[in-house]
file run_21.txt (compact mmCIF, C-alpha atoms (C1' of nucleotides))
# COMPACT_ATOMS: atom_id res chain seq x y z
CA MET C 264 -18.27 22.79 -17.03
CA PRO C 265 -18.19 20.34 -19.92
CA ALA C 266 -15.98 21.22 -22.86
CA PRO C 267 -17.76 22.05 -26.10
CA THR C 268 -17.75 18.91 -28.18
CA PRO C 269 -17.65 18.64 -31.96
CA PRO C 270 -20.92 17.75 -33.68
CA PRO C 271 -21.30 14.03 -32.98
CA ALA C 272 -22.74 13.27 -36.40
CA GLU C 273 -19.69 14.57 -38.23
CA LEU C 274 -17.31 12.97 -35.78
CA HIS C 275 -19.08 9.64 -36.16
CA GLY C 276 -19.18 9.72 -39.92
CA ARG C 277 -15.57 10.65 -40.38
CA ILE C 278 -14.18 8.14 -37.91
CA LEU C 279 -16.44 5.27 -38.99
CA ASP C 280 -15.61 5.85 -42.66
CA TRP C 281 -11.92 5.98 -41.87
CA PHE C 282 -12.24 2.72 -39.94
CA ASP C 283 -13.94 0.96 -42.84
CA ALA C 284 -11.03 1.93 -45.07
CA HIS C 285 -8.10 1.39 -42.73
CA ARG C 286 -8.97 -1.23 -40.14
CA ARG C 287 -6.34 -3.90 -39.64
CA VAL C 288 -7.08 -7.51 -40.41
CA LEU C 289 -6.73 -9.25 -37.05
CA PRO C 290 -7.61 -12.87 -36.26
CA TRP C 291 -9.99 -11.98 -33.44
CA ARG C 292 -11.79 -9.56 -35.75
CA GLU C 293 -12.10 -11.82 -38.75
CA GLU C 294 -13.67 -14.52 -36.62
CA PRO C 295 -14.92 -12.72 -33.51
CA SER C 296 -16.29 -15.62 -31.50
CA PRO C 297 -16.76 -14.65 -27.84
CA TRP C 298 -13.98 -16.95 -26.64
CA ARG C 299 -11.53 -15.72 -29.26
CA VAL C 300 -12.32 -12.11 -28.40
CA MET C 301 -11.95 -12.83 -24.70
CA VAL C 302 -8.56 -14.51 -25.14
CA SER C 303 -7.36 -11.64 -27.32
CA GLU C 304 -8.46 -9.06 -24.77
CA PHE C 305 -6.58 -10.76 -21.95
CA MET C 306 -3.44 -11.01 -24.05
CA LEU C 307 -3.70 -7.43 -25.26
CA GLN C 308 -3.82 -5.98 -21.76
CA GLN C 309 -0.58 -3.99 -21.84
CA THR C 310 0.96 -6.10 -24.61
CA PRO C 311 1.35 -4.97 -28.26
CA VAL C 312 -0.62 -6.66 -31.05
CA ALA C 313 2.47 -7.90 -32.87
CA ARG C 314 3.63 -9.97 -29.94
CA VAL C 315 0.17 -11.35 -29.21
CA LEU C 316 -0.50 -12.74 -32.71
CA PRO C 317 1.59 -15.96 -32.62
CA VAL C 318 0.66 -16.82 -29.04
CA PHE C 319 -3.01 -16.22 -29.78
CA ASP C 320 -3.01 -18.67 -32.68
CA ALA C 321 -1.28 -21.40 -30.67
CA TRP C 322 -3.61 -20.82 -27.72
CA LEU C 323 -6.81 -21.14 -29.75
CA GLU C 324 -5.46 -24.18 -31.53
CA ARG C 325 -4.86 -25.89 -28.22
CA TRP C 326 -7.87 -24.60 -26.30
CA PRO C 327 -10.67 -23.84 -28.80
CA ALA C 328 -13.27 -23.42 -26.05
CA PRO C 329 -13.32 -22.31 -22.40
CA ALA C 330 -13.94 -25.88 -21.24
CA ASP C 331 -10.75 -27.04 -22.95
CA LEU C 332 -8.64 -24.55 -21.03
CA ALA C 333 -10.51 -25.21 -17.79
CA ALA C 334 -9.64 -28.91 -18.11
CA SER C 335 -5.90 -28.19 -18.30
CA PRO C 336 -3.60 -27.46 -15.36
CA SER C 337 -3.15 -23.74 -14.70
CA GLY C 338 0.59 -24.22 -15.11
CA GLU C 339 0.05 -25.20 -18.74
CA ALA C 340 -1.62 -21.83 -19.29
CA VAL C 341 1.39 -20.11 -17.74
CA ARG C 342 3.75 -22.05 -20.02
CA ALA C 343 1.69 -21.33 -23.13
CA TRP C 344 1.59 -17.67 -22.16
CA GLY C 345 5.28 -17.60 -23.00
CA ARG C 346 6.88 -14.18 -22.82
CA LEU C 347 3.78 -12.01 -23.18
CA GLY C 348 4.48 -10.54 -19.76
CA TYR C 349 2.35 -10.15 -16.64
CA PRO C 350 1.86 -13.93 -16.35
CA ARG C 351 -0.82 -13.55 -13.70
CA ARG C 352 -3.06 -12.78 -16.66
CA ALA C 353 -2.60 -16.39 -17.80
CA LEU C 354 -3.69 -17.58 -14.38
CA ARG C 355 -6.69 -15.27 -14.42
CA LEU C 356 -7.70 -16.36 -17.92
CA HIS C 357 -7.56 -19.95 -16.73
CA ALA C 358 -9.63 -19.09 -13.66
CA ALA C 359 -12.11 -17.22 -15.85
CA ALA C 360 -12.47 -20.30 -18.05
CA VAL C 361 -13.20 -22.41 -14.97
CA ALA C 362 -15.79 -19.86 -13.83
CA ILE C 363 -17.41 -19.87 -17.26
CA VAL C 364 -17.76 -23.65 -17.13
CA GLU C 365 -19.13 -23.55 -13.60
CA ARG C 366 -21.46 -20.59 -13.89
CA HIS C 367 -22.25 -20.13 -17.58
CA GLU C 368 -22.43 -23.61 -19.06
CA GLY C 369 -19.13 -23.14 -20.82
CA ARG C 370 -20.16 -20.09 -22.83
CA VAL C 371 -18.67 -16.62 -22.47
CA PRO C 372 -21.38 -14.43 -20.93
CA ALA C 373 -22.72 -11.52 -22.98
CA THR C 374 -23.58 -8.85 -20.44
CA TYR C 375 -21.19 -6.32 -18.99
CA ASP C 376 -22.19 -7.19 -15.43
CA GLU C 377 -21.68 -10.92 -15.83
CA LEU C 378 -18.35 -10.39 -17.58
CA LEU C 379 -17.17 -8.05 -14.83
CA GLU C 380 -17.56 -10.88 -12.32
CA LEU C 381 -14.95 -12.99 -14.08
CA PRO C 382 -11.35 -13.05 -12.79
CA GLY C 383 -9.08 -10.69 -14.71
CA VAL C 384 -12.00 -8.84 -16.29
CA GLY C 385 -12.17 -5.18 -15.34
CA ASP C 386 -14.19 -2.30 -16.73
CA TYR C 387 -12.37 -2.12 -20.03
CA THR C 388 -12.31 -5.84 -20.79
CA ALA C 389 -15.96 -6.35 -19.83
CA ALA C 390 -17.01 -3.53 -22.15
CA ALA C 391 -14.72 -4.76 -24.93
CA ILE C 392 -16.06 -8.32 -24.89
CA ALA C 393 -19.67 -7.15 -24.69
CA SER C 394 -19.05 -4.85 -27.63
CA PHE C 395 -16.67 -6.75 -29.93
CA ALA C 396 -17.91 -10.28 -29.30
CA HIS C 397 -21.59 -9.69 -28.71
CA GLY C 398 -22.19 -6.46 -30.62
CA ARG C 399 -23.61 -4.69 -27.60
CA ARG C 400 -23.52 -1.00 -26.79
CA ALA C 401 -20.84 -0.38 -24.16
CA VAL C 402 -18.48 2.43 -23.20
CA VAL C 403 -15.10 1.03 -24.19
CA LEU C 404 -12.46 3.24 -22.59
CA ASP C 405 -8.96 2.03 -23.22
CA THR C 406 -5.74 3.99 -23.44
CA ASN C 407 -6.27 4.63 -27.17
CA VAL C 408 -9.82 5.90 -26.88
CA ARG C 409 -8.88 8.03 -23.88
CA ARG C 410 -6.04 9.66 -25.80
CA VAL C 411 -8.22 10.35 -28.85
CA PHE C 412 -10.92 12.01 -26.78
CA ALA C 413 -8.37 13.90 -24.66
CA ARG C 414 -7.01 15.48 -27.83
CA VAL C 415 -10.04 15.88 -30.07
CA VAL C 416 -12.52 16.90 -27.37
CA GLU C 417 -10.54 18.23 -24.42
CA GLY C 418 -7.66 19.73 -26.37
CA VAL C 419 -4.90 18.23 -24.24
CA GLN C 420 -2.00 16.02 -25.24
CA PHE C 421 -2.64 13.20 -22.77
CA PRO C 422 -5.55 12.06 -20.60
CA ALA C 423 -5.33 12.15 -16.81
CA PRO C 424 -3.59 9.23 -15.07
CA GLY C 425 -6.89 7.72 -13.99
CA VAL C 426 -10.32 7.72 -15.64
CA VAL C 427 -12.25 10.76 -14.44
CA ARG C 428 -16.00 11.06 -14.16
CA ALA C 429 -16.25 13.84 -16.73
CA GLU C 430 -14.23 11.76 -19.14
CA ARG C 431 -16.62 8.84 -18.89
CA ASP C 432 -19.52 11.21 -19.41
CA VAL C 433 -17.99 12.54 -22.61
CA ALA C 434 -17.37 9.02 -23.90
CA ALA C 435 -20.92 7.98 -23.03
CA SER C 436 -22.41 11.04 -24.69
CA LEU C 437 -20.53 10.31 -27.91
CA LEU C 438 -21.52 6.64 -28.01
CA PRO C 439 -23.98 5.97 -30.86
CA ASP C 440 -27.44 4.85 -29.77
CA ASP C 441 -27.83 1.54 -31.54
CA ASP C 442 -25.86 -1.59 -30.66
CA PRO C 443 -24.13 -2.34 -33.96
CA THR C 444 -23.00 1.24 -34.59
CA ALA C 445 -21.85 1.61 -31.00
CA ALA C 446 -19.75 -1.53 -31.38
CA ARG C 447 -18.21 -0.25 -34.62
CA TRP C 448 -17.57 3.11 -32.97
CA ALA C 449 -15.72 1.47 -30.10
CA ALA C 450 -13.46 -0.45 -32.46
CA ALA C 451 -12.99 2.58 -34.71
CA THR C 452 -11.93 4.98 -31.97
CA MET C 453 -9.51 2.42 -30.57
CA GLU C 454 -8.05 1.81 -34.00
CA LEU C 455 -7.65 5.52 -34.63
CA GLY C 456 -5.69 5.86 -31.42
CA ALA C 457 -3.55 2.83 -32.23
CA LEU C 458 -2.70 3.78 -35.82
CA VAL C 459 -2.97 7.57 -36.13
CA CYS C 460 -3.47 9.40 -32.85
CA THR C 461 -0.51 7.70 -31.23
CA ALA C 462 1.22 8.71 -28.00
CA ARG C 463 4.60 9.54 -29.50
CA SER C 464 4.30 10.93 -33.03
CA PRO C 465 0.67 11.40 -34.02
CA ARG C 466 0.07 11.26 -37.76
CA CYS C 467 -2.33 14.17 -37.90
CA GLU C 468 -1.96 14.47 -41.68
CA ALA C 469 -3.70 11.10 -41.92
CA CYS C 470 -6.37 11.82 -39.33
CA PRO C 471 -10.00 11.95 -40.46
CA VAL C 472 -10.92 14.41 -37.70
CA ALA C 473 -7.88 16.69 -37.73
CA GLY C 474 -10.18 19.52 -38.73
CA LEU C 475 -12.34 18.93 -35.66
CA CYS C 476 -9.49 18.41 -33.23
CA ARG C 477 -9.32 20.84 -30.35
CA TRP C 478 -5.72 19.97 -29.48
CA ARG C 479 -4.69 20.74 -33.05
CA ALA C 480 -6.71 23.97 -33.09
CA LEU C 481 -4.93 25.08 -29.93
CA GLY C 482 -1.53 24.54 -31.54
CA TYR C 483 -0.65 21.22 -29.88
CA PRO C 484 0.01 22.48 -26.34
CA GLU C 485 2.48 20.24 -24.49
CA HIS C 486 1.33 18.13 -21.59
CA ASP C 487 1.15 20.31 -18.53
CA GLY C 488 0.86 18.84 -15.09
CA PRO C 489 2.71 16.29 -12.98
CA PRO C 490 5.33 14.37 -14.99
CA ARG C 491 4.05 10.99 -16.11
CA ARG C 492 6.14 8.55 -14.20
CA GLY C 493 7.73 5.65 -16.01
CA GLN C 494 8.04 2.11 -14.78
CA ALA C 495 11.25 1.26 -12.93
CA TRP C 496 12.73 -2.00 -14.07
CA HIS C 497 16.40 -2.74 -13.45
CA GLY C 498 16.89 -4.59 -10.18
CA THR C 499 13.22 -4.56 -9.28
CA ASP C 500 11.17 -7.47 -8.01
CA ARG C 501 9.42 -7.50 -11.38
CA GLN C 502 12.68 -8.23 -13.14
CA CYS C 503 13.60 -10.83 -10.55
CA ARG C 504 10.22 -12.58 -10.74
CA GLY C 505 10.35 -12.57 -14.51
CA ARG C 506 13.75 -14.17 -14.59
CA LEU C 507 12.90 -16.81 -12.00
CA LEU C 508 9.65 -17.77 -13.66
CA ALA C 509 11.36 -17.95 -17.05
CA VAL C 510 13.77 -20.59 -15.72
CA VAL C 511 10.90 -22.83 -14.62
CA ARG C 512 8.77 -22.12 -17.67
CA ASP C 513 11.56 -23.09 -20.05
CA ALA C 514 12.52 -26.23 -18.12
CA HIS C 515 10.82 -29.57 -18.74
CA GLU C 516 11.20 -30.86 -15.22
CA PRO C 517 11.13 -29.29 -11.74
CA VAL C 518 13.99 -26.88 -11.12
CA ALA C 519 16.43 -27.28 -8.21
CA PRO C 520 16.92 -24.28 -5.87
CA GLU C 521 20.58 -24.04 -6.92
CA LEU C 522 19.53 -23.27 -10.48
CA MET C 523 17.19 -20.57 -9.25
CA ALA C 524 20.02 -19.08 -7.21
CA ALA C 525 22.11 -18.94 -10.37
CA ALA C 526 19.39 -16.99 -12.11
CA TRP C 527 19.29 -14.28 -9.42
CA THR C 528 22.16 -13.91 -6.99
CA ASP C 529 20.66 -11.46 -4.47
CA ALA C 530 19.43 -14.03 -1.95
CA PRO C 531 16.98 -11.94 0.12
CA GLN C 532 15.33 -10.56 -2.99
CA ARG C 533 15.28 -13.97 -4.64
CA GLU C 534 13.58 -15.55 -1.63
CA ARG C 535 11.08 -12.75 -1.41
CA CYS C 536 10.20 -13.12 -5.08
CA LEU C 537 9.94 -16.90 -4.90
CA ASP C 538 7.53 -16.47 -2.00
CA SER C 539 5.42 -14.03 -3.98
CA LEU C 540 5.40 -16.30 -7.04
CA LEU C 541 4.26 -19.22 -4.86
CA ASP C 542 1.71 -16.95 -3.23
CA ASP C 543 0.38 -15.88 -6.62
CA GLY C 544 0.04 -19.50 -7.74
CA LEU C 545 2.57 -19.05 -10.53
CA LEU C 546 4.92 -21.63 -8.96
CA ASP C 547 4.62 -24.82 -6.92
CA VAL C 548 7.14 -26.70 -4.80
CA THR C 549 7.63 -30.45 -5.20
CA PRO C 550 8.06 -32.67 -2.11
CA ASP C 551 11.83 -32.68 -2.65
CA GLY C 552 12.00 -28.88 -2.72
CA ARG C 553 12.20 -28.16 -6.42
CA PHE C 554 10.13 -25.57 -8.30
CA SER C 555 7.55 -26.33 -10.97
CA LEU C 556 4.60 -24.73 -12.69
CA PRO C 557 1.34 -25.44 -10.84
CA ALA C 558 -0.66 -28.55 -11.69
C1' DC A 70 -5.76 6.45 -4.94
C1' DA A 71 -1.11 4.94 -5.68
C1' DG A 72 1.73 1.03 -6.11
C1' DT A 73 2.58 -3.32 -8.23
C1' DC A 74 2.88 -6.57 -11.81
C1' DG A 75 6.67 -8.46 -17.57
C1' DT A 76 8.44 -7.88 -21.83
C1' DG A 77 10.48 -6.22 -25.96
C1' DG A 78 10.58 -2.97 -29.79
C1' DG A 79 10.74 1.63 -31.65
C1' DA A 80 12.08 6.58 -31.23
C1' DT D 46 22.04 3.81 -25.23
C1' DT D 47 18.30 5.20 -22.74
C1' DC D 48 13.69 6.06 -22.43
C1' DC D 49 8.92 5.31 -23.27
C1' DC D 50 5.12 2.63 -23.20
C1' DA D 51 1.42 -1.19 -25.28
C1' DA D 52 -6.50 -3.20 -26.19
C1' DG D 53 -5.40 -3.06 -17.60
C1' DA D 54 -6.52 -5.42 -13.28
C1' DC D 55 -6.05 -5.77 -8.57
C1' DT D 56 -4.92 -4.38 -3.82

call {"tool": "encode", "arguments": {"input": "run_21.txt", "output": "structure tokens"}}
result
Amino acid sequence: MPAPTPPPAELHGRILDWFDAHRRVLPWREEPSPWRVMVSEFMLQQTPVARVLPVFDAWLERWPAPADLAASPSGEAVRAWGRLGYPRRALRLHAAAVAIVERHEGRVPATYDELLELPGVGDYTAAAIASFAHGRRAVVLDTNVRRVFARVVEGVQFPAPGVVRAERDVAASLLPDDDPTAARWAAATMELGALVCTARSPRCEACPVAGLCRWRALGYPEHDGPPRRGQAWHGTDRQCRGRLLAVVRDAHEPVAPELMAAAWTDAPQRERCLDSLLDDGLLDVTPDGRFSLPA
DNA sequence: CAGTCGTGGGA
DNA sequence: TTCCCAAGACT
């Protein structure tokens, strides 16, 4: 049974007005060309805005169009990615640029279905590019939007671990009918989640829909259900891979195996991680056995 | 579906 | 200090 939802018209008006007054000035919003939006969306996958900003500017300066990136070695994308984290995203962005040149005449496609075919583009990113770059109506469900709807509509502190059918239905039912308003709505609900309806300490006193919020009306019930598991880090392969790749990324010539061994002393784990980095295409081996970024 | 994949800053 | 988690995608 679907939860009773607030009157869409009032919800829309309040959130859209709030957005007009409080939206952040961001480089991919001020000049939302499809390529700029696409690059920003890749970088923002699991990485905070503040850390993306400088890398984004350098990236667009160097590769102002998909064809420019496609013409560079993938390893250069990995190096330019710097310390944004999850460097396979750099590889996928490079591969997506190649695909755009090969299949779309060098222009970022505008439809959700075409975007979804690109490497590194999943449901969220396809919807985001269609909406933010091309002004099209799309259900943009990111962690911010999911949290806002979980609280305002469902009355719970946090959304389920994975996107549920009913959740998508609610989001779709609340999406304004026309393209431009739907696109504004997508950006507005994301921004509300990012600035006000945050995970840790929501600023309900500044929320335009506090009076319509079911979670608030229920007295802010605590999350009930399986504990949300954190991400292990110390001693994991992720930490090992990160450290090994950083050595190569920060070097200006191929790195000898001895230097890699110095960066991570556990030999079996180090070898396993080097293998996985090679397998992912994040590293290459030179004929004399040293490690480099891929050509 | 559950596990994996980086990094750094704020609470 | 420790913990949490930030505009996800892929297997």

call {"tool": "residues_around", "arguments": {"input": "run_21.txt", "residues": "DG72 (chain A)", "least_positions_apart": "3", "cutoff": "12 Å", "atoms": "all atoms listed in the file", "output": "list in words"}}
result
Arg492, Gln494 and Ala495 of chain C; DC55 and DT56 of chain D

call {"tool": "interface_residues", "arguments": {"input": "run_21.txt", "of": "chain A", "to": "chain C", "cutoff": "8 Å", "atoms": "only C-alpha atoms (C1' of nucleotides)", "output": "NGL selection string"}}
result
:A and (74-76)

call {"tool": "closest_residue", "arguments": {"input": "run_21.txt", "among": "C:Pro271, C:Gly338, C:Gly456, C:Gly276", "to": "chain D", "atoms": "all atoms listed in the file"}}
result
C:Gly456

call {"tool": "interface_residues", "arguments": {"input": "run_21.txt", "of": "chain C", "to": "chain D", "cutoff": "8 Å", "atoms": "all atoms listed in the file", "output": "PyMOL selection string"}}
result
chain C and resi 304+307-311+383-385+387+405-407+453+493

call {"tool": "atom_distance", "arguments": {"input": "run_21.txt", "atom1": "CA of Arg479 (chain C)", "atom2": "CA of Asp440 (chain C)"}}
result
27.9 Å

call {"tool": "atom_distance", "arguments": {"input": "run_21.txt", "atom1": "CA of Arg414 (chain C)", "atom2": "CA of Ala391 (chain C)"}}
result
21.9 Å

call {"tool": "closest_residue", "arguments": {"input": "run_21.txt", "among": "C:Glu534, C:Trp448, C:Leu556, C:Ala462", "to": "DA80 (chain A)", "atoms": "only C-alpha atoms (C1' of nucleotides)"}}
result
C:Ala462

call {"tool": "residues_around", "arguments": {"input": "run_21.txt", "residues": "Ala333 (chain C)", "least_positions_apart": "3", "cutoff": "6 Å", "atoms": "only C-alpha atoms (C1' of nucleotides)", "output": "list in words"}}
result
Ala330, Ala360 and Val361 of chain C

call {"tool": "write_last_selection", "arguments": {"input": "run_21.txt", "atoms": "C-alpha atoms", "output": "PDB file, in the coordinates of the input"}}
result
ATOM      1  CA  ALA C 330     -13.940 -25.880 -21.240  1.00  0.00           C
ATOM      2  CA  ALA C 360     -12.470 -20.300 -18.050  1.00  0.00           C
ATOM      3  CA  VAL C 361     -13.200 -22.410 -14.970  1.00  0.00           C
TER       4      VAL C 361
END

call {"tool": "decode", "arguments": {"input": "run_21.txt", "residues": "region 387-398 of chain C", "atoms": "all heavy atoms", "output": "mmCIF file, in the first residue's frame"}}
result
data_model
loop_
_atom_site.group_PDB
_atom_site.id
_atom_site.type_symbol
_atom_site.label_atom_id
_atom_site.label_comp_id
_atom_site.auth_asym_id
_atom_site.auth_seq_id
_atom_site.Cartn_x
_atom_site.Cartn_y
_atom_site.Cartn_z
ATOM 1 N N TYR C 387 21.526 6.240 -12.371
ATOM 2 C CA TYR C 387 21.575 7.605 -11.876
ATOM 3 C C TYR C 387 22.238 8.553 -12.868
ATOM 4 O O TYR C 387 21.698 9.614 -13.198
ATOM 5 C CB TYR C 387 22.311 7.700 -10.522
ATOM 6 C CG TYR C 387 22.736 9.123 -10.277
ATOM 7 C CD1 TYR C 387 21.790 10.085 -9.907
ATOM 8 C CD2 TYR C 387 24.039 9.549 -10.545
ATOM 9 C CE1 TYR C 387 22.144 11.412 -9.770
ATOM 10 C CE2 TYR C 387 24.399 10.871 -10.405
ATOM 11 C CZ TYR C 387 23.451 11.797 -10.024
ATOM 12 O OH TYR C 387 23.797 13.111 -9.916
ATOM 13 N N THR C 388 23.431 8.199 -13.317
ATOM 14 C CA THR C 388 24.198 9.101 -14.179
ATOM 15 C C THR C 388 23.492 9.353 -15.514
ATOM 16 O O THR C 388 23.506 10.483 -16.029
ATOM 17 C CB THR C 388 25.612 8.542 -14.398
ATOM 18 O OG1 THR C 388 26.254 8.377 -13.120
ATOM 19 C CG2 THR C 388 26.454 9.483 -15.235
ATOM 20 N N ALA C 389 22.877 8.333 -16.064
ATOM 21 C CA ALA C 389 22.136 8.517 -17.319
ATOM 22 C C ALA C 389 20.998 9.519 -17.126
ATOM 23 O O ALA C 389 20.800 10.434 -17.942
ATOM 24 C CB ALA C 389 21.592 7.178 -17.817
ATOM 25 N N ALA C 390 20.277 9.364 -16.039
ATOM 26 C CA ALA C 390 19.159 10.276 -15.758
ATOM 27 C C ALA C 390 19.677 11.690 -15.481
ATOM 28 O O ALA C 390 19.083 12.681 -15.921
ATOM 29 C CB ALA C 390 18.352 9.767 -14.575
ATOM 30 N N ALA C 391 20.789 11.779 -14.768
ATOM 31 C CA ALA C 391 21.336 13.087 -14.408
ATOM 32 C C ALA C 391 21.791 13.855 -15.643
ATOM 33 O O ALA C 391 21.525 15.052 -15.774
ATOM 34 C CB ALA C 391 22.498 12.911 -13.426
ATOM 35 N N ILE C 392 22.482 13.181 -16.557
ATOM 36 C CA ILE C 392 22.957 13.862 -17.765
ATOM 37 C C ILE C 392 21.780 14.257 -18.649
ATOM 38 O O ILE C 392 21.727 15.378 -19.172
ATOM 39 C CB ILE C 392 23.947 12.974 -18.545
ATOM 40 C CG1 ILE C 392 25.195 12.700 -17.697
ATOM 41 C CG2 ILE C 392 24.350 13.639 -19.858
ATOM 42 C CD1 ILE C 392 26.152 11.684 -18.308
ATOM 43 N N ALA C 393 20.820 13.349 -18.799
ATOM 44 C CA ALA C 393 19.639 13.667 -19.611
ATOM 45 C C ALA C 393 18.928 14.890 -19.045
ATOM 46 O O ALA C 393 18.465 15.762 -19.781
ATOM 47 C CB ALA C 393 18.693 12.467 -19.655
ATOM 48 N N SER C 394 18.875 14.964 -17.722
ATOM 49 C CA SER C 394 18.132 16.035 -17.067
ATOM 50 C C SER C 394 18.935 17.340 -17.001
ATOM 51 O O SER C 394 18.484 18.382 -17.476
ATOM 52 C CB SER C 394 17.761 15.576 -15.653
ATOM 53 O OG SER C 394 16.961 16.543 -15.013
ATOM 54 N N PHE C 395 20.129 17.289 -16.443
ATOM 55 C CA PHE C 395 20.904 18.512 -16.198
ATOM 56 C C PHE C 395 21.530 19.082 -17.465
ATOM 57 O O PHE C 395 21.652 20.302 -17.608
ATOM 58 C CB PHE C 395 22.004 18.252 -15.166
ATOM 59 C CG PHE C 395 21.492 17.723 -13.861
ATOM 60 C CD1 PHE C 395 22.270 16.900 -13.067
ATOM 61 C CD2 PHE C 395 20.205 18.042 -13.430
ATOM 62 C CE1 PHE C 395 21.791 16.408 -11.863
ATOM 63 C CE2 PHE C 395 19.714 17.549 -12.229
ATOM 64 C CZ PHE C 395 20.510 16.729 -11.449
ATOM 65 N N ALA C 396 21.936 18.211 -18.368
ATOM 66 C CA ALA C 396 22.629 18.691 -19.568
ATOM 67 C C ALA C 396 21.672 18.948 -20.720
ATOM 68 O O ALA C 396 21.898 19.837 -21.534
ATOM 69 C CB ALA C 396 23.691 17.679 -19.990
ATOM 70 N N HIS C 397 20.609 18.147 -20.777
ATOM 71 C CA HIS C 397 19.713 18.244 -21.934
ATOM 72 C C HIS C 397 18.309 18.700 -21.557
ATOM 73 O O HIS C 397 17.434 18.787 -22.414
ATOM 74 C CB HIS C 397 19.657 16.898 -22.656
ATOM 75 C CG HIS C 397 20.991 16.427 -23.164
ATOM 76 N ND1 HIS C 397 21.627 17.006 -24.241
ATOM 77 C CD2 HIS C 397 21.830 15.452 -22.723
ATOM 78 C CE1 HIS C 397 22.794 16.386 -24.459
ATOM 79 N NE2 HIS C 397 22.939 15.452 -23.545
ATOM 80 N N GLY C 398 18.091 18.968 -20.272
ATOM 81 C CA GLY C 398 16.803 19.489 -19.847
ATOM 82 C C GLY C 398 15.640 18.546 -20.049
ATOM 83 O O GLY C 398 14.499 18.975 -20.223
#
